[in-house]
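Note sheet for the following structure.
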Amino acid sequence: MYERIQVKLKVDLTQYLKGLIAGTEGYTIGNYGMWSRSNDNFTGVHFPGLGKLDVLWSSLEIVDPKYLEKMEDEKKKRLEEYKSARNITKYVGPRGGFKYLSFEYTDSNGIGVHYSNGFKQESERIIEYFKEMDYSIEEKLWK
């Protein structure tokens with residue numbers, strides 16, 4: 001069963017389905033059409049009274065209060081676990097560009113986890129958190 005998440009369009013999609021202007025609300029329905037079945041960047045969305053369409057996640061704003069609360073709780077839990085981080089390394093390319101962030105931590109079950117993330121924006125937020133905690137972050141050249 002797929003979890004329905006209330007979403008709001010951030011863009012105009014009237015070229016694909018009449019009435020889909022920015023601000024139109026709907027809910028996710030999981031893998032719907034060709035795009036959402038073959039690419040995680042898309043999800044099927046049902047817009048009541050208008051129809052169903054595969055939409056890029058980046059074109060949607062999540063407005064579901066229960067889902068947002070759950071995500072905030074998970075974020076707090078993750079940040080609490082990150083307090084045990086060690087071997088924090090930021091890898092950069094030959095011209096200094098971000099490649100990925102890597103570190104180890106112990107999760108809430110006492111299990112050691114190796115974390116690696118190549119998404120720059122998300123990694124920058126984690127690095128800022130580590131800087132606030134005054135953790136040492138090693139920078140290495142990625143080969």
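Following the order of the structure tokens, first chain is A, next is B, and so on, with residues numbered from 1 inside each chain and ligands from 1 in the order they appear.
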Using DSSP secondary structure from the backbone, list all strand (DSSP E) positions within chain A, as a ChimeraX atom specification. /A:6-9,25-30,42-47,51-56,60-62,86-92,98-106,112-117,138-141
Expected file contents, prior selection, C-alpha atoms, as a CSV table (one decimal), in the first residue's frame:
```csv
chain,number,residue,atom,x,y,z
A,6,GLN,CA,-1.0,15.8,0.3
A,7,VAL,CA,1.0,18.0,-2.2
A,8,LYS,CA,0.6,21.4,-3.9
A,9,LEU,CA,1.9,22.2,-7.4
A,25,GLU,CA,-3.6,20.6,-4.5
A,26,GLY,CA,-3.7,16.8,-4.8
A,27,TYR,CA,-2.2,13.7,-3.3
A,28,THR,CA,0.4,11.2,-4.3
A,29,ILE,CA,-0.7,7.8,-5.6
A,30,GLY,CA,2.8,6.2,-6.1
A,42,PHE,CA,8.5,11.4,-10.5
A,43,THR,CA,5.5,10.3,-8.6
A,44,GLY,CA,1.9,9.8,-9.6
A,45,VAL,CA,-0.5,12.5,-8.3
A,46,HIS,CA,-4.3,12.6,-8.3
A,47,PHE,CA,-5.8,16.1,-8.5
A,51,GLY,CA,-7.2,13.8,-13.2
A,52,LYS,CA,-4.0,11.9,-12.6
A,53,LEU,CA,-0.5,12.7,-13.8
A,54,ASP,CA,3.1,11.8,-13.2
A,55,VAL,CA,4.8,14.9,-11.7
A,56,LEU,CA,8.4,15.7,-10.8
A,60,LEU,CA,5.6,19.7,-5.8
A,61,GLU,CA,5.5,21.1,-2.3
A,62,ILE,CA,4.5,18.7,0.5
A,86,ARG,CA,33.5,10.2,13.7
A,87,ASN,CA,35.9,10.1,10.7
A,88,ILE,CA,34.0,13.0,9.1
A,89,THR,CA,35.5,13.6,5.6
A,90,LYS,CA,34.4,16.0,2.9
A,91,TYR,CA,35.8,14.9,-0.5
A,92,VAL,CA,36.4,17.6,-3.1
A,98,PHE,CA,32.2,19.2,-3.7
A,99,LYS,CA,32.1,15.4,-4.5
A,100,TYR,CA,30.7,13.8,-1.4
A,101,LEU,CA,30.5,13.6,2.4
A,102,SER,CA,31.4,10.6,4.4
A,103,PHE,CA,31.3,9.7,8.1
A,104,GLU,CA,30.5,7.0,10.6
A,105,TYR,CA,28.0,7.1,13.5
A,106,THR,CA,26.2,4.8,15.9
A,112,GLY,CA,27.6,1.3,13.6
A,113,VAL,CA,26.7,3.0,10.3
A,114,HIS,CA,28.9,4.3,7.5
A,115,TYR,CA,27.2,7.3,5.8
A,116,SER,CA,28.0,8.7,2.4
A,117,ASN,CA,26.2,11.4,0.6
A,138,GLU,CA,38.8,16.5,7.2
A,139,GLU,CA,38.9,17.6,3.6
A,140,LYS,CA,40.4,15.2,1.1
A,141,LEU,CA,41.0,15.2,-2.6
```
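Residues lying within 12 Å of Thr14 in chain A, counting only C-alpha atoms and ignoring same-chain neighbours fewer than 4 positions away, are Leu9, Lys18, Gly19, Leu20, Ile21, Ala22, Thr24, Leu50, Gly51 and Leu53 of chain A.
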Produce a file of the selected residues containing C-alpha atoms, as a short mmCIF file (atom, residue, chain, number, x, y, z; two decimals), in the first residue's frame.
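Output saved as out.cif:
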```
data_model
loop_
_atom_site.label_atom_id
_atom_site.label_comp_id
_atom_site.auth_asym_id
_atom_site.auth_seq_id
_atom_site.Cartn_x
_atom_site.Cartn_y
_atom_site.Cartn_z
CA LEU A 9 1.91 22.23 -7.39
CA LYS A 18 -6.21 21.36 -18.13
CA GLY A 19 -6.63 23.22 -14.83
CA LEU A 20 -3.24 22.31 -13.31
CA ILE A 21 -2.00 25.74 -12.30
CA ALA A 22 0.51 26.52 -9.56
CA THR A 24 -3.43 23.21 -7.23
CA LEU A 50 -8.94 17.20 -12.72
CA GLY A 51 -7.23 13.84 -13.18
CA LEU A 53 -0.53 12.74 -13.82
#
```
Between A:Tyr16, A:Pro48, A:Lys10, A:Lys75, which has the minimum distance to Arg125 in chain A (counting only C-alpha atoms)? A:Lys75
Write out as a VMD selection string the set of residues from range 31-115 of chain A that DSSP, computed on the backbone, places in helix (DSSP H, G or I). chain A and resid 34 to 38 57 to 59 65 to 84
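For the atom pair formed by CA of Gly118 in chain A and CA of Glu81 in chain A, the distance is 19.7 Å, given to one decimal.
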Residue neighbourhood Gly93 in chain A, 6 Å, only C-alpha atoms, exclusion window fewer than 2 positions, as a PyMOL selection string: chain A and resi 95-97+141-142
